[in-house]
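One structure is given below, encoded as structure tokens.
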Amino acid sequence: MNVLVVNCGSSSLKFQLINYDNRDVLAKGLCERIGIDGRLVYEPKNGEKEVTEAAMPTHVEAIQMVLDALVNEKSGVIKSLEEVDAIGHRVLHGGMKITNSVIIDDEVIKVIEECADLGPLHNPANLMGINACMKLMPGVPNVAVFDTAFHQTMPPKAYMYGIPKEYYEKYAIRKYGFHGTSHQYVAERCAELLEKPLADTKIITIHIGNGGSLSAVKGGHSVDTTMGFTPLAGIMMGTRSGDIDPAVLPFVMEKENLTIDQAVNALNKESGLYGVSGASSDMRDILKLVAEGDERGTIAFNLYIKRICDYIGSYFLYLDGVDAIVFTAGIGENSIPVRKAVVQRLGALGIQLDEQANNVMGEEALISTADSKIKVFAIPTNEELMIAKDTYAFVK
Ligand code: AMP
């Protein structure tokens with residue numbers, strides 16, 4: 001069965017066509033600058049990467065270009081669109097109503113629309129992709145896989161905030177958590193590597209890319225995560241502050257004469273590694289600054305590592321011990337120094353880093369020593385495969 005996995009942003013669209021029966025990626029790529037001018041990067045399996053510039057006023061034209069590329073005589077990977085059996089969509093926010101992946105119908109579309117309030121940048125874009133696919137591929141089932149769904153198993157003590165309950169009742173203000181598909185994928189893969197039934201595992205998953213979050217996963221279910229009502233909470237990220245004292249916001253707004261939008265924008269886009277270092281949101285640049293002895297770069301790095309370790313310690317206690325810790329996403333998969341800096345601070349938990357084994361980028365590896373009390377892994381995430389898996393399960 002072939003599943004087209006679609007991940008839409010407001011001006012971009014990532015896709016993969018996966019033959020789920022043998023987990024084979026037939027083609028993948030990206031449409032960029034939708035609504036501006038338009039560019040398709042298309043990469044067929046066993047073929048050359050192709051870049052095509054073409055007008056993409058909306059997501060409909062973008063999806064049409066993807067479909068044309070998939071069946072193109074020269075570099076296509078299927079003969080006709082009838083070979084696309086289902087479409088799986090990544091959707092950011094399902095609020096409290098959606099706790100699992102679902103076949104998209106009018107009811108689901110309504111929920112995605114309603115949750116646009118909670119995910120204003122993503123949900124409308126996700127919906128544009130869904131509508132475009134429904135228009136261009138009538139009759140092909142569409143499945144929505146939500147970033148928030150995996151964390152819906154958190155208990156109230158993890159998802160409630162210490163604020164008046166009426167805000168929760170009136171506006172659904174609570175922790176939702178994000179990156180759910182990634183946390184779920186690496187937790188499941190980790191259980192396989194531990195050769196333990198998923199139901200018997202306790203795992204801390206660390207998804208650190210440009211955004212970042214940790215999750216405490218018990219028996220394959222999320223019981224806590226660091227992002228919150230929005231992706232701004234938790235650890236420090238590339239440009240996001242992570243947790244701060246909320247009273248900072250009105251204080252700075254008054255002093256700097258900022259509107260609420262400007263202040264929130266500063267926390268989302270001008271903070272984190274970027275804001276603290278004053279130089280870059282990219283961990284590779286931060287590591288260069290550290291090597292050069294740059295003071296702000298070094299503070300940014302140390303703060304970044306401390307925030308992650310703080311949550312590891314907290315989740316270790318919350319889970320009453322863990323079997324494994326997993327690093328994933330851009331930094332977690334590729335940054336040898338970041339993994340080293342984190343794991344070296346975990347000696348009090350009986351964790352020992354195997355420096356040799358940690359010397360890997362983008363590969364699955366056990367990076368703790370044989371006598372480490374807790375195993376530590378690097379596991380490349382695969383959200384697309386997870387989306388294809390859920391889509392396949394429904395359609396089959
Ligand atoms: P993601 O959001 O998962 O795509 O991760 C993107 C981020 O990963 C980039 O902004 C970099 O900070 C980081 N990254 C990617 N490769 C490396 C590397 N080799 N060393 C350090 N950081 C990396």
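Each chain of the structure tokens is named A, B, ... in the order shown, its residues numbered from 1; ligands are numbered from 1 in display order.
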
Quick one: contact table of chain A to ligand 1, 8 Å max, nearest atom pair and distance in Å to one decimal per residue, counting only C-alpha atoms and all ligand atoms, chain and number order, as CSV?
residue,atom,partner,partner_atom_place_in_ligand_line,distance
A:His207,CA,ligand 1,3 (O),7.8
A:Ile208,CA,ligand 1,3 (O),6.4
A:Gly209,CA,ligand 1,5 (O),3.4
A:Asn210,CA,ligand 1,2 (O),3.8
A:Gly211,CA,ligand 1,2 (O),5.8
A:Gly212,CA,ligand 1,2 (O),7.9
A:Gly238,CA,ligand 1,10 (O),6.7
A:Ser281,CA,ligand 1,10 (O),6.4
A:Asp282,CA,ligand 1,12 (O),3.6
A:Met283,CA,ligand 1,12 (O),3.8
A:Arg284,CA,ligand 1,21 (C),4.3
A:Asp285,CA,ligand 1,12 (O),7.9
A:Leu287,CA,ligand 1,21 (C),7.5
A:Thr328,CA,ligand 1,3 (O),7.9
A:Ala329,CA,ligand 1,3 (O),4.1
A:Gly330,CA,ligand 1,5 (O),3.3
A:Ile331,CA,ligand 1,13 (C),4.3
A:Gly332,CA,ligand 1,8 (O),7.8
A:Glu333,CA,ligand 1,16 (N),7.6
A:Asn334,CA,ligand 1,19 (N),4.5
A:Ser335,CA,ligand 1,20 (N),3.9
A:Ile336,CA,ligand 1,20 (N),7.1
A:Pro337,CA,ligand 1,21 (C),7.9
A:Val338,CA,ligand 1,21 (C),7.5
A:Met361,CA,ligand 1,19 (N),7.0

>> If we count only C-alpha atoms and set the cut-off at 10 Å, which residues sit around Leu127 (chain A), ignoring sequence neighbours fewer than 2 positions away in its own chain? Please answer as a list in words.
In response: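 Counting only C-alpha atoms, the residues come to Cys8, Gly9, Ser10, His59, His89, Arg90, Val91, Ile109, Ile112, Glu113, Ala116, His122, Asn123, Pro124, Ala125, Gly129, Ile130, Asn131, Ala132, Cys133 and Ala144 of chain A.
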
Mind writing the picked residues with C-alpha atoms as a tab-separated table (two decimals), in the first residue's frame?
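Contents of out_8.tsv, as written:
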chain	number	residue	atom	x	y	z
A	8	CYS	CA	2.02	21.55	5.25
A	9	GLY	CA	3.29	24.85	6.55
A	10	SER	CA	1.83	28.20	5.57
A	59	HIS	CA	-1.39	24.64	-1.85
A	89	HIS	CA	-1.49	14.54	7.00
A	90	ARG	CA	0.52	15.93	9.85
A	91	VAL	CA	-1.74	18.26	11.82
A	109	ILE	CA	-12.25	19.30	9.67
A	112	ILE	CA	-9.08	21.33	13.11
A	113	GLU	CA	-10.78	24.66	12.34
A	116	ALA	CA	-6.89	27.11	14.86
A	122	HIS	CA	-0.12	25.63	11.70
A	123	ASN	CA	-3.74	24.44	11.74
A	124	PRO	CA	-4.95	26.71	8.89
A	125	ALA	CA	-1.93	25.62	6.79
A	129	GLY	CA	-3.11	20.81	2.44
A	130	ILE	CA	-6.05	18.60	3.39
A	131	ASN	CA	-8.48	20.58	1.23
A	132	ALA	CA	-6.05	20.55	-1.71
A	133	CYS	CA	-5.67	16.76	-1.50
A	144	ALA	CA	-4.92	13.23	10.15

> Any idea what's packed within 6 Å of Glu32 (chain A), counting only C-alpha atoms, ignoring anything in its chain fewer than 5 positions away? Could you give it as JSON, numbers by chain?
Replying inline: {"A": [12, 38, 39]}

>> Nearest residue to Met154 (chain A) out of A:Lys196, A:His93, A:Ser222, A:Lys110, using only C-alpha atoms?
In response: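 With only C-alpha atoms as the atom set, the closest residue is A:Ser222.
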
>> I want to know what sits within 12 Å of region 67-77 of chain A, based on only C-alpha atoms, with residues of the same chain fewer than 3 positions away left out; could you give that as an MDAnalysis selection string?
In response: chainID A and resid 2 4 6 15:19 24:31 40:52 60:64 80:84 87 132:133 136:137

> Which residues in region 79-154 of chain A does DSSP call strand (DSSP E)? List them as a list in words.
Replying inline: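 Here is the list: Ala86, Ile87, Gly88, His89, Arg90, Val91, Val102, Ile103, Asn142, Val143, Ala144, Val145 and Phe146 of chain A.
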